[in-house]
>>> print(open('input.pdb').read())   # PDB, C-alpha atoms and all ligand atoms
ATOM      1  CA  MET A   1      26.647  12.935  10.594
ATOM      2  CA  ALA A   2      22.939  13.907  10.668
ATOM      3  CA  LYS A   3      20.796  12.903  13.643
ATOM      4  CA  ARG A   4      18.689   9.778  12.978
ATOM      5  CA  PRO A   5      15.074  10.892  13.560
ATOM      6  CA  ARG A   6      12.486   8.707  15.324
ATOM      7  CA  ILE A   7       9.200   8.909  13.457
ATOM      8  CA  ALA A   8       5.871   7.395  14.481
ATOM      9  CA  VAL A   9       3.065   7.025  11.971
ATOM     10  CA  VAL A  10      -0.465   6.562  13.286
ATOM     11  CA  GLY A  11      -2.308   5.657  10.117
ATOM     12  CA  SER A  12      -3.584   3.373   7.433
ATOM     13  CA  ALA A  13      -2.247   0.349   5.601
ATOM     14  CA  ASN A  14      -3.877  -0.806   2.362
ATOM     15  CA  ILE A  15      -3.283  -3.242  -0.429
ATOM     16  CA  ASP A  16      -3.090  -1.377  -3.738
ATOM     17  CA  LEU A  17      -4.676  -2.990  -6.795
ATOM     18  CA  THR A  18      -3.434  -0.805  -9.621
ATOM     19  CA  THR A  19      -4.758  -1.014 -13.173
ATOM     20  CA  PHE A  20      -3.087   0.927 -15.968
ATOM     21  CA  THR A  21      -5.629   1.910 -18.585
ATOM     22  CA  ASP A  22      -6.174   4.366 -21.410
ATOM     23  CA  LYS A  23      -9.989   4.201 -21.148
ATOM     24  CA  PHE A  24     -12.587   3.868 -18.425
ATOM     25  CA  PRO A  25     -15.663   1.625 -18.814
ATOM     26  CA  LYS A  26     -19.111   3.156 -19.190
ATOM     27  CA  PRO A  27     -21.884   1.751 -16.940
ATOM     28  CA  GLY A  28     -22.602  -1.850 -18.009
ATOM     29  CA  GLU A  29     -19.539  -1.993 -20.287
ATOM     30  CA  THR A  30     -16.504  -4.314 -20.058
ATOM     31  CA  ILE A  31     -13.192  -3.196 -21.556
ATOM     32  CA  PHE A  32      -9.542  -4.312 -21.346
ATOM     33  CA  GLY A  33      -6.904  -2.572 -19.226
ATOM     34  CA  GLN A  34      -3.220  -2.667 -20.210
ATOM     35  CA  LYS A  35      -1.385  -3.745 -17.057
ATOM     36  CA  PHE A  36      -1.967  -4.645 -13.389
ATOM     37  CA  ASP A  37       0.191  -4.233 -10.292
ATOM     38  CA  LEU A  38      -0.430  -5.501  -6.736
ATOM     39  CA  GLY A  39       1.469  -3.800  -3.936
ATOM     40  CA  PHE A  40       1.556  -2.574  -0.363
ATOM     41  CA  GLY A  41       0.050   0.884   0.051
ATOM     42  CA  GLY A  42      -2.127   3.054   2.260
ATOM     43  CA  LYS A  43      -1.158   6.628   2.975
ATOM     44  CA  GLY A  44       0.080   5.887   6.503
ATOM     45  CA  ALA A  45       2.120   2.847   5.505
ATOM     46  CA  ASN A  46       3.545   4.660   2.476
ATOM     47  CA  GLN A  47       4.681   7.595   4.615
ATOM     48  CA  ALA A  48       6.239   5.171   7.113
ATOM     49  CA  VAL A  49       8.105   3.368   4.325
ATOM     50  CA  ALA A  50       9.349   6.637   2.784
ATOM     51  CA  ALA A  51      10.626   7.762   6.207
ATOM     52  CA  ARG A  52      12.318   4.405   6.772
ATOM     53  CA  LEU A  53      13.965   4.376   3.348
ATOM     54  CA  CYS A  54      15.241   7.895   4.031
ATOM     55  CA  GLY A  55      16.990   6.565   7.134
ATOM     56  CA  ALA A  56      14.704   7.179  10.144
ATOM     57  CA  ASP A  57      13.771   4.760  12.910
ATOM     58  CA  VAL A  58      10.064   4.265  12.212
ATOM     59  CA  PHE A  59       7.195   3.019  14.387
ATOM     60  CA  MET A  60       3.824   2.154  12.872
ATOM     61  CA  VAL A  61       0.515   2.202  14.743
ATOM     62  CA  ALA A  62      -2.178   0.640  12.538
ATOM     63  CA  ARG A  63      -4.861  -2.023  12.139
ATOM     64  CA  VAL A  64      -4.928  -4.640   9.403
ATOM     65  CA  GLY A  65      -7.680  -7.139   8.593
ATOM     66  CA  SER A  66      -8.175 -10.788   9.486
ATOM     67  CA  ASP A  67      -7.558 -11.878   5.902
ATOM     68  CA  LEU A  68      -4.501 -12.938   3.939
ATOM     69  CA  PHE A  69      -3.427  -9.306   3.420
ATOM     70  CA  GLY A  70      -3.158  -8.621   7.182
ATOM     71  CA  PRO A  71      -0.137 -10.829   8.055
ATOM     72  CA  ALA A  72       1.525  -9.971   4.714
ATOM     73  CA  THR A  73       1.312  -6.258   5.549
ATOM     74  CA  ILE A  74       2.855  -6.806   8.995
ATOM     75  CA  GLU A  75       5.608  -8.891   7.410
ATOM     76  CA  ASN A  76       6.284  -6.112   4.879
ATOM     77  CA  PHE A  77       6.807  -3.606   7.720
ATOM     78  CA  ARG A  78       9.174  -6.005   9.494
ATOM     79  CA  LYS A  79      11.175  -6.726   6.345
ATOM     80  CA  LEU A  80      11.711  -3.005   5.872
ATOM     81  CA  GLY A  81      12.846  -2.565   9.482
ATOM     82  CA  ILE A  82       9.725  -0.699  10.613
ATOM     83  CA  ASP A  83       8.644  -1.427  14.201
ATOM     84  CA  ALA A  84       5.223  -3.094  13.825
ATOM     85  CA  THR A  85       4.624  -3.934  17.515
ATOM     86  CA  HIS A  86       1.514  -1.758  17.380
ATOM     87  CA  VAL A  87       0.136  -3.046  14.098
ATOM     88  CA  LYS A  88      -2.708  -5.329  15.192
ATOM     89  CA  GLN A  89      -5.142  -7.524  13.307
ATOM     90  CA  ALA A  90      -8.804  -6.513  13.672
ATOM     91  CA  GLN A  91     -11.067  -9.569  13.838
ATOM     92  CA  GLY A  92     -13.900 -10.043  11.339
ATOM     93  CA  VAL A  93     -12.926  -7.125   9.102
ATOM     94  CA  SER A  94     -11.136  -6.974   5.763
ATOM     95  CA  SER A  95      -7.832  -5.184   5.329
ATOM     96  CA  GLY A  96      -7.954  -1.749   3.724
ATOM     97  CA  VAL A  97      -7.787  -1.999  -0.069
ATOM     98  CA  ALA A  98      -7.371   0.561  -2.812
ATOM     99  CA  PRO A  99      -8.399  -0.123  -6.415
ATOM    100  CA  ILE A 100      -6.320   2.441  -8.344
ATOM    101  CA  PHE A 101      -6.593   3.447 -12.015
ATOM    102  CA  VAL A 102      -3.639   5.105 -13.722
ATOM    103  CA  ASP A 103      -4.027   6.807 -17.119
ATOM    104  CA  PRO A 104      -1.276   7.064 -19.772
ATOM    105  CA  GLY A 105      -0.251  10.491 -18.390
ATOM    106  CA  GLY A 106       0.573   8.899 -15.017
ATOM    107  CA  GLN A 107      -2.413  10.504 -13.289
ATOM    108  CA  ASN A 108      -4.258   8.291 -10.798
ATOM    109  CA  ARG A 109      -7.825   7.836  -9.558
ATOM    110  CA  ILE A 110      -8.061   6.025  -6.220
ATOM    111  CA  LEU A 111     -10.995   4.357  -4.468
ATOM    112  CA  VAL A 112     -10.230   3.409  -0.849
ATOM    113  CA  VAL A 113     -12.193   0.810   1.129
ATOM    114  CA  LYS A 114     -11.016   1.527   4.661
ATOM    115  CA  GLY A 115     -11.793  -1.881   6.231
ATOM    116  CA  ALA A 116      -9.639  -2.439   9.336
ATOM    117  CA  ASN A 117      -8.216   1.114   9.174
ATOM    118  CA  ASP A 118     -11.581   2.315  10.416
ATOM    119  CA  THR A 119     -11.135   0.352  13.656
ATOM    120  CA  LEU A 120      -7.948   2.169  14.717
ATOM    121  CA  GLY A 121      -9.190   3.831  17.882
ATOM    122  CA  LEU A 122      -8.156   5.851  20.908
ATOM    123  CA  LYS A 123      -7.276   2.655  22.787
ATOM    124  CA  ASP A 124      -4.710   1.785  20.135
ATOM    125  CA  VAL A 125      -3.094   5.193  20.588
ATOM    126  CA  ASP A 126      -3.077   4.739  24.381
ATOM    127  CA  ALA A 127      -1.526   1.274  23.998
ATOM    128  CA  ALA A 128       1.295   2.803  21.915
ATOM    129  CA  ALA A 129       1.785   5.797  24.234
ATOM    130  CA  ASP A 130       5.333   4.869  25.307
ATOM    131  CA  ILE A 131       6.549   4.487  21.739
ATOM    132  CA  LEU A 132       4.759   7.670  20.671
ATOM    133  CA  LYS A 133       6.333   9.639  23.527
ATOM    134  CA  SER A 134       9.780   8.542  22.370
ATOM    135  CA  ALA A 135       9.233   9.908  18.837
ATOM    136  CA  ASP A 136      10.599  13.192  17.455
ATOM    137  CA  CYS A 137       7.642  13.450  15.130
ATOM    138  CA  ILE A 138       4.161  11.898  14.779
ATOM    139  CA  VAL A 139       2.622  11.709  11.308
ATOM    140  CA  LEU A 140      -1.111  11.257  10.608
ATOM    141  CA  GLN A 141      -3.478  11.098   7.622
ATOM    142  CA  PHE A 142      -7.256  10.832   7.179
ATOM    143  CA  GLU A 143      -7.726   7.134   6.295
ATOM    144  CA  ILE A 144      -8.381   6.326   9.965
ATOM    145  CA  PRO A 145     -11.234   7.720  12.140
ATOM    146  CA  LEU A 146     -10.927  11.506  12.509
ATOM    147  CA  GLU A 147     -11.539  11.111  16.246
ATOM    148  CA  THR A 148      -8.272   9.129  16.429
ATOM    149  CA  VAL A 149      -6.457  11.836  14.450
ATOM    150  CA  TYR A 150      -7.708  14.612  16.780
ATOM    151  CA  TYR A 151      -6.821  12.565  19.873
ATOM    152  CA  THR A 152      -3.287  11.918  18.609
ATOM    153  CA  VAL A 153      -2.755  15.574  17.678
ATOM    154  CA  ALA A 154      -3.727  16.516  21.264
ATOM    155  CA  PHE A 155      -1.378  13.791  22.598
ATOM    156  CA  ALA A 156       1.517  15.131  20.514
ATOM    157  CA  HIS A 157       0.869  18.692  21.685
ATOM    158  CA  LYS A 158       0.681  17.628  25.336
ATOM    159  CA  HIS A 159       4.023  15.846  25.081
ATOM    160  CA  GLY A 160       5.781  18.489  22.964
ATOM    161  CA  ILE A 161       6.223  16.183  19.962
ATOM    162  CA  ARG A 162       6.255  17.662  16.443
ATOM    163  CA  CYS A 163       3.093  16.613  14.608
ATOM    164  CA  ILE A 164       2.343  16.539  10.873
ATOM    165  CA  VAL A 165      -1.172  15.962   9.502
ATOM    166  CA  ASN A 166      -1.794  15.078   5.855
ATOM    167  CA  PRO A 167      -5.570  15.571   5.358
ATOM    168  CA  ALA A 168      -5.905  12.838   2.742
ATOM    169  CA  PRO A 169      -8.401  11.869   1.554
ATOM    170  CA  ALA A 170     -10.006  15.275   2.102
ATOM    171  CA  GLN A 171     -13.166  15.393   4.155
ATOM    172  CA  SER A 172     -14.971  17.946   6.236
ATOM    173  CA  ILE A 173     -13.122  18.466   9.492
ATOM    174  CA  ASP A 174     -13.402  20.245  12.793
ATOM    175  CA  ILE A 175     -10.391  22.471  12.182
ATOM    176  CA  LYS A 176     -10.375  23.689  15.810
ATOM    177  CA  GLN A 177      -9.222  20.187  16.784
ATOM    178  CA  LEU A 178      -6.054  20.799  14.775
ATOM    179  CA  SER A 179      -5.304  24.245  16.160
ATOM    180  CA  ASN A 180      -2.160  23.066  17.998
ATOM    181  CA  LEU A 181      -0.725  21.361  14.984
ATOM    182  CA  ASP A 182       2.836  22.013  13.761
ATOM    183  CA  TYR A 183       2.356  21.126  10.081
ATOM    184  CA  PHE A 184      -0.777  20.727   7.957
ATOM    185  CA  VAL A 185       0.173  19.293   4.534
ATOM    186  CA  PRO A 186      -2.665  18.989   1.976
ATOM    187  CA  ASN A 187      -2.220  18.745  -1.782
ATOM    188  CA  GLU A 188      -4.019  21.256  -3.965
ATOM    189  CA  SER A 189      -7.231  19.239  -4.341
ATOM    190  CA  GLU A 190      -7.398  18.528  -0.590
ATOM    191  CA  ALA A 191      -6.863  22.232   0.141
ATOM    192  CA  GLU A 192      -9.698  23.078  -2.280
ATOM    193  CA  THR A 193     -12.111  20.527  -0.823
ATOM    194  CA  ILE A 194     -11.497  21.606   2.764
ATOM    195  CA  THR A 195     -11.556  25.390   2.237
ATOM    196  CA  GLY A 196     -14.004  25.553  -0.689
ATOM    197  CA  LEU A 197     -11.484  27.877  -2.412
ATOM    198  CA  PRO A 198      -9.467  27.185  -5.593
ATOM    199  CA  ALA A 199      -5.804  26.216  -5.064
ATOM    200  CA  SER A 200      -4.384  25.490  -8.483
ATOM    201  CA  THR A 201      -2.061  28.518  -8.684
ATOM    202  CA  VAL A 202       0.522  29.572  -6.131
ATOM    203  CA  ASP A 203      -1.479  32.733  -5.316
ATOM    204  CA  GLN A 204      -4.669  30.739  -4.794
ATOM    205  CA  ALA A 205      -2.801  28.254  -2.593
ATOM    206  CA  LYS A 206      -1.641  31.219  -0.469
ATOM    207  CA  GLN A 207      -5.290  32.184   0.167
ATOM    208  CA  CYS A 208      -6.155  28.609   1.202
ATOM    209  CA  ALA A 209      -3.119  28.461   3.480
ATOM    210  CA  GLN A 210      -4.229  31.667   5.225
ATOM    211  CA  GLN A 211      -7.568  30.068   6.017
ATOM    212  CA  PHE A 212      -5.840  27.094   7.675
ATOM    213  CA  LEU A 213      -3.411  29.351   9.539
ATOM    214  CA  SER A 214      -6.237  31.471  10.935
ATOM    215  CA  SER A 215      -7.399  28.400  12.885
ATOM    216  CA  GLY A 216      -4.116  28.327  14.837
ATOM    217  CA  ILE A 217      -2.160  25.748  12.826
ATOM    218  CA  LYS A 218       1.507  26.823  12.921
ATOM    219  CA  ARG A 219       2.756  25.970   9.426
ATOM    220  CA  VAL A 220       1.015  24.903   6.213
ATOM    221  CA  ILE A 221       2.630  23.246   3.213
ATOM    222  CA  ILE A 222       0.440  22.827   0.119
ATOM    223  CA  THR A 223       1.928  20.403  -2.392
ATOM    224  CA  LEU A 224       1.169  21.482  -5.969
ATOM    225  CA  GLY A 225       2.455  18.564  -8.076
ATOM    226  CA  ALA A 226       4.563  19.809 -10.977
ATOM    227  CA  ASN A 227       4.308  23.337  -9.495
ATOM    228  CA  GLY A 228       6.278  22.378  -6.390
ATOM    229  CA  SER A 229       5.149  23.330  -2.893
ATOM    230  CA  LEU A 230       3.968  26.384  -1.030
ATOM    231  CA  ILE A 231       5.205  26.864   2.549
ATOM    232  CA  ALA A 232       3.098  29.286   4.563
ATOM    233  CA  GLY A 233       3.346  30.720   8.048
ATOM    234  CA  ARG A 234       1.419  33.588   9.602
ATOM    235  CA  ASP A 235       3.627  36.343   8.257
ATOM    236  CA  GLN A 236       5.366  34.876   5.240
ATOM    237  CA  SER A 237       5.011  32.326   2.493
ATOM    238  CA  ASP A 238       7.548  30.797   0.182
ATOM    239  CA  HIS A 239       7.126  28.927  -3.096
ATOM    240  CA  VAL A 240       9.542  26.023  -3.605
ATOM    241  CA  PRO A 241       9.618  24.844  -7.265
ATOM    242  CA  ALA A 242       9.514  21.172  -8.251
ATOM    243  CA  PHE A 243      12.300  19.313 -10.041
ATOM    244  CA  GLU A 244      11.603  18.147 -13.586
ATOM    245  CA  VAL A 245      11.064  14.390 -13.887
ATOM    246  CA  SER A 246       9.540  12.001 -16.472
ATOM    247  CA  SER A 247       6.471  10.928 -14.568
ATOM    248  CA  ILE A 248       4.732   7.634 -15.345
ATOM    249  CA  ASP A 249       2.744   6.980 -12.127
ATOM    250  CA  SER A 250       2.115   9.697  -9.547
ATOM    251  CA  THR A 251       0.469   7.348  -7.012
ATOM    252  CA  GLY A 252       2.001   7.828  -3.563
ATOM    253  CA  ALA A 253       4.008  10.948  -4.499
ATOM    254  CA  GLY A 254       2.314  12.948  -1.725
ATOM    255  CA  ASP A 255       3.215  10.195   0.755
ATOM    256  CA  ALA A 256       6.826  10.186  -0.468
ATOM    257  CA  PHE A 257       6.875  13.950   0.131
ATOM    258  CA  ILE A 258       5.549  13.722   3.695
ATOM    259  CA  GLY A 259       7.642  10.755   4.846
ATOM    260  CA  SER A 260      10.850  12.240   3.478
ATOM    261  CA  PHE A 261      10.039  15.777   4.705
ATOM    262  CA  ALA A 262       9.591  14.440   8.254
ATOM    263  CA  VAL A 263      13.059  12.874   8.037
ATOM    264  CA  PHE A 264      14.866  15.857   6.485
ATOM    265  CA  LEU A 265      13.324  18.190   9.066
ATOM    266  CA  GLY A 266      14.126  15.731  11.872
ATOM    267  CA  GLU A 267      17.750  15.651  10.749
ATOM    268  CA  GLY A 268      17.873  19.370  11.500
ATOM    269  CA  LEU A 269      17.695  20.856   7.997
ATOM    270  CA  PRO A 270      16.039  24.280   7.696
ATOM    271  CA  GLU A 271      12.388  23.938   6.664
ATOM    272  CA  LYS A 272      12.806  25.267   3.106
ATOM    273  CA  GLU A 273      15.763  22.976   2.482
ATOM    274  CA  ALA A 274      13.767  20.015   3.814
ATOM    275  CA  VAL A 275      10.899  20.904   1.441
ATOM    276  CA  ARG A 276      13.268  21.183  -1.565
ATOM    277  CA  ARG A 277      14.618  17.717  -0.906
ATOM    278  CA  ALA A 278      11.146  16.302  -0.294
ATOM    279  CA  ASN A 279      10.048  17.822  -3.645
ATOM    280  CA  LEU A 280      12.808  15.867  -5.370
ATOM    281  CA  TYR A 281      12.135  12.672  -3.380
ATOM    282  CA  ALA A 282       8.432  12.851  -4.318
ATOM    283  CA  GLY A 283       9.192  13.648  -7.971
ATOM    284  CA  LEU A 284      11.552  10.680  -8.275
ATOM    285  CA  SER A 285       8.856   8.368  -6.912
ATOM    286  CA  THR A 286       6.690   9.153  -9.966
ATOM    287  CA  THR A 287       9.317   7.869 -12.404
ATOM    288  CA  SER A 288       8.450   4.212 -11.781
ATOM    289  CA  VAL A 289       5.303   2.195 -11.204
ATOM    290  CA  GLY A 290       3.632   1.516  -7.825
ATOM    291  CA  THR A 291       3.546   3.255  -4.477
ATOM    292  CA  GLN A 292       6.032   1.962  -1.869
ATOM    293  CA  LYS A 293       8.012   0.079  -4.505
ATOM    294  CA  SER A 294       8.667   3.343  -6.387
ATOM    295  CA  PHE A 295      10.317   5.068  -3.393
ATOM    296  CA  TYR A 296      14.081   5.690  -3.514
ATOM    297  CA  SER A 297      16.540   4.403  -0.925
ATOM    298  CA  ARG A 298      18.530   7.132   0.867
ATOM    299  CA  GLU A 299      21.661   6.125  -0.998
ATOM    300  CA  LYS A 300      19.995   6.466  -4.409
ATOM    301  CA  PHE A 301      18.321   9.712  -3.364
ATOM    302  CA  ASP A 302      21.564  11.258  -2.096
ATOM    303  CA  ALA A 303      23.290  10.391  -5.381
ATOM    304  CA  GLU A 304      20.463  12.077  -7.313
ATOM    305  CA  TRP A 305      20.483  15.081  -4.972
ATOM    306  CA  ALA A 306      24.234  15.503  -5.452
ATOM    307  CA  THR A 307      23.735  15.989  -9.191
ATOM    308  CA  ARG A 308      20.431  17.925  -9.160
ATOM    309  CA  SER A 309      20.565  20.151  -6.073
ATOM    310  CA  ARG A 310      21.979  23.105  -8.051
ATOM    311  CA  GLU A 311      19.027  23.196 -10.503
TER     312      GLU A 311
HETATM  313  O1  LIG B 401      -1.515   8.028  -1.565
HETATM  314  C1  LIG B 401      -1.560   6.817  -2.265
HETATM  315  C2  LIG B 401      -2.312   5.812  -1.455
HETATM  316  O2  LIG B 401      -3.659   6.209  -1.349
HETATM  317  C3  LIG B 401      -2.366   4.419  -2.047
HETATM  318  O3  LIG B 401      -1.298   3.630  -1.608
HETATM  319  C4  LIG B 401      -3.724   3.918  -1.611
HETATM  320  O4  LIG B 401      -3.675   2.811  -0.783
HETATM  321  C5  LIG B 401      -4.410   5.087  -0.943
HETATM  322  O5  LIG B 401      -4.320   5.034   0.420
END
>>> encode(input="input.pdb", output="structure tokens")
Amino acid sequence: MAKRPRIAVVGSANIDLTTFTDKFPKPGETIFGQKFDLGFGGKGANQAVAARLCGADVFMVARVGSDLFGPATIENFRKLGIDATHVKQAQGVSSGVAPIFVDPGGQNRILVVKGANDTLGLKDVDAAADILKSADCIVLQFEIPLETVYYTVAFAHKHGIRCIVNPAPAQSIDIKQLSNLDYFVPNESEAETITGLPASTVDQAKQCAQQFLSSGIKRVIITLGANGSLIAGRDQSDHVPAFEVSSIDSTGAGDAFIGSFAVFLGEGLPEKEAVRRANLYAGLSTTSVGTQKSFYSREKFDAEWATRSRE
């Protein structure tokens, strides 16, 4: 039986307001959308939920707002069995929200209002230090202050804990602050924004990965959507193809990849094997609507893996 990993996520929690539409309004214009969905989201929370559904013990460190979304978000973590001891309500601020627009091809456009996520500070990380020290892996994204991300990366390094950073949404960073990082996992557009280089082909992604690796980061994985993922280390890189799926909403697929990858790696699978499974887990999440609600349980995933792993 595989080891049950302990995963801590220091990150964001949002409420996703998703509109499905075939057109976008021009300035001053009002048009009709086709469908609406309200759900729990936020890159940090999504990654925590994916890790939990894949079977890990998960600990969330986050800030929610003093509005009706705050307690509902905490309750959602608890219902899913995620330890929310360190999810606190920030006073006088709204919860993070994300108006999302999905086109008929399943492609999304996301606008994030960070709200309470922007108040997650160094003190919150210090307050959760005992829980963080007990984790096998700490996972971070960029919807919280970058200062908090850098501080947590240094904490993980000091305590010998594996650390994964998903630089989403992309922004300009002080890459030296990430030089002790184990895994840097951007998607192709994040890799392009951060390096200023194109990353839409596997060869281009390799160039971007080299730039990240030259700053000291140990391993880079660039997720390439339907093109799979590129794993890169200092002396070798490996392309891992995606599985074919009928995609209707790609929102949260990157989060599904990261949360599940952290679990598969924590269970002791070799890196490439963990990436293959995470590719499938992420692909499956695009076959239904929503973010967290589209993620597979471990049981459903294992059944799918059993039939598709030889592809
Ligand atoms: O990665 C998808 C997520 O991005 C959504 O859940 C939204 O909240 C934004 O954080």
>>> closest_residue(input="input.pdb", among="A:Met60, A:Ile110, A:Ala156, A:Leu269", to="ligand LIG 401 (chain B)", atoms="only C-alpha atoms and all ligand atoms")
A:Ile110
>>> residues_around(input="input.pdb", residues="segment 270-278 of chain A", least_positions_apart="6", cutoff="9 Å", atoms="all atoms listed in the file", output="ChimeraX atom specification")
/A:221,228-229,231,238,240-243,256-264,305,309
>>> write_last_selection(input="input.pdb", atoms="C-alpha atoms", output="compact mmCIF listing (two decimals), in the coordinates of the input")
# COMPACT_ATOMS: atom_id res chain seq x y z
CA ILE A 221 2.63 23.25 3.21
CA GLY A 228 6.28 22.38 -6.39
CA SER A 229 5.15 23.33 -2.89
CA ILE A 231 5.20 26.86 2.55
CA ASP A 238 7.55 30.80 0.18
CA VAL A 240 9.54 26.02 -3.60
CA PRO A 241 9.62 24.84 -7.26
CA ALA A 242 9.51 21.17 -8.25
CA PHE A 243 12.30 19.31 -10.04
CA ALA A 256 6.83 10.19 -0.47
CA PHE A 257 6.88 13.95 0.13
CA ILE A 258 5.55 13.72 3.70
CA GLY A 259 7.64 10.76 4.85
CA SER A 260 10.85 12.24 3.48
CA PHE A 261 10.04 15.78 4.70
CA ALA A 262 9.59 14.44 8.25
CA VAL A 263 13.06 12.87 8.04
CA PHE A 264 14.87 15.86 6.48
CA TRP A 305 20.48 15.08 -4.97
CA SER A 309 20.56 20.15 -6.07
>>> residues_near_point(input="input.pdb", point="(21.1, 15.9, -9.1)", cutoff="12 Å", atoms="all atoms listed in the file", output="PyMOL selection string")
chain A and resi 243-245+277+280-281+284+300-311
>>> closest_atom_pairs(input="input.pdb", of="segment 98-176 of chain A", to="segment 191-211 of chain A", cutoff="7 Å", atoms="all atoms listed in the file", output="Markdown table")
| residue | atom | partner | partner_atom | distance |
| --- | --- | --- | --- | --- |
| A:Ala170 | CA | A:Thr193 | CA | 6.4 |
| A:Gln171 | CA | A:Ile194 | CA | 6.6 |
| A:Ser172 | CA | A:Ile194 | CA | 6.1 |
>>> atom_distance(input="input.pdb", atom1="atom CA of Asp103 of chain A", atom2="atom CA of Ser246 of chain A")
14.5 Å
>>> closest_residue(input="input.pdb", among="A:Gln91, A:Gln107, A:Thr287, A:Asn180", to="ligand LIG 401 (chain B)", atoms="all atoms listed in the file")
A:Gln107
>>> atom_distance(input="input.pdb", atom1="atom CA of Pro186 of chain A", atom2="atom CA of Val220 of chain A")
8.2 Å
>>> closest_atom_pairs(input="input.pdb", of="segment 82-140 of chain A", to="segment 161-164 of chain A", cutoff="9 Å", atoms="all atoms listed in the file", output="CSV")
residue,atom,partner,partner_atom,distance
A:Leu132,CA,A:Ile161,CA,8.7
A:Lys133,CA,A:Ile161,CA,7.5
A:Ser134,CA,A:Ile161,CA,8.8
A:Ala135,CA,A:Ile161,CA,7.0
A:Asp136,CA,A:Ile161,CA,5.9
A:Cys137,CA,A:Arg162,CA,4.6
A:Ile138,CA,A:Cys163,CA,4.8
A:Val139,CA,A:Ile164,CA,4.9
A:Leu140,CA,A:Ile164,CA,6.3
>>> write_last_selection(input="input.pdb", atoms="C-alpha atoms", output="CSV table (one decimal), in the coordinates of the input")
chain,number,residue,atom,x,y,z
A,132,LEU,CA,4.8,7.7,20.7
A,133,LYS,CA,6.3,9.6,23.5
A,134,SER,CA,9.8,8.5,22.4
A,135,ALA,CA,9.2,9.9,18.8
A,136,ASP,CA,10.6,13.2,17.5
A,137,CYS,CA,7.6,13.4,15.1
A,138,ILE,CA,4.2,11.9,14.8
A,139,VAL,CA,2.6,11.7,11.3
A,140,LEU,CA,-1.1,11.3,10.6
>>> residues_near_ligand(input="input.pdb", ligand="ligand LIG 401 (chain B)", cutoff="6 Å", atoms="all atoms listed in the file", output="PDB file with C-alpha atoms, in the coordinates of the input")
ATOM      1  CA  ASN A  14      -3.877  -0.806   2.362  1.00  0.00           C
ATOM      2  CA  ASP A  16      -3.090  -1.377  -3.738  1.00  0.00           C
ATOM      3  CA  GLY A  41       0.050   0.884   0.051  1.00  0.00           C
ATOM      4  CA  GLY A  42      -2.127   3.054   2.260  1.00  0.00           C
ATOM      5  CA  LYS A  43      -1.158   6.628   2.975  1.00  0.00           C
ATOM      6  CA  ALA A  98      -7.371   0.561  -2.812  1.00  0.00           C
ATOM      7  CA  THR A 251       0.469   7.348  -7.012  1.00  0.00           C
ATOM      8  CA  GLY A 252       2.001   7.828  -3.563  1.00  0.00           C
ATOM      9  CA  ASP A 255       3.215  10.195   0.755  1.00  0.00           C
ATOM     10  CA  THR A 291       3.546   3.255  -4.477  1.00  0.00           C
TER      11      THR A 291
END
>>> residues_around(input="input.pdb", residues="Phe59 of chain A", least_positions_apart="5", cutoff="7 Å", atoms="all atoms listed in the file", output="list in words")
Ile7, Ala8, Val9, Ile82, Asp83 and Ala84 of chain A
>>> closest_residue(input="input.pdb", among="A:Thr119, A:Thr30, A:Thr21, A:Ser179", to="Val61 of chain A", atoms="all atoms listed in the file")
A:Thr119
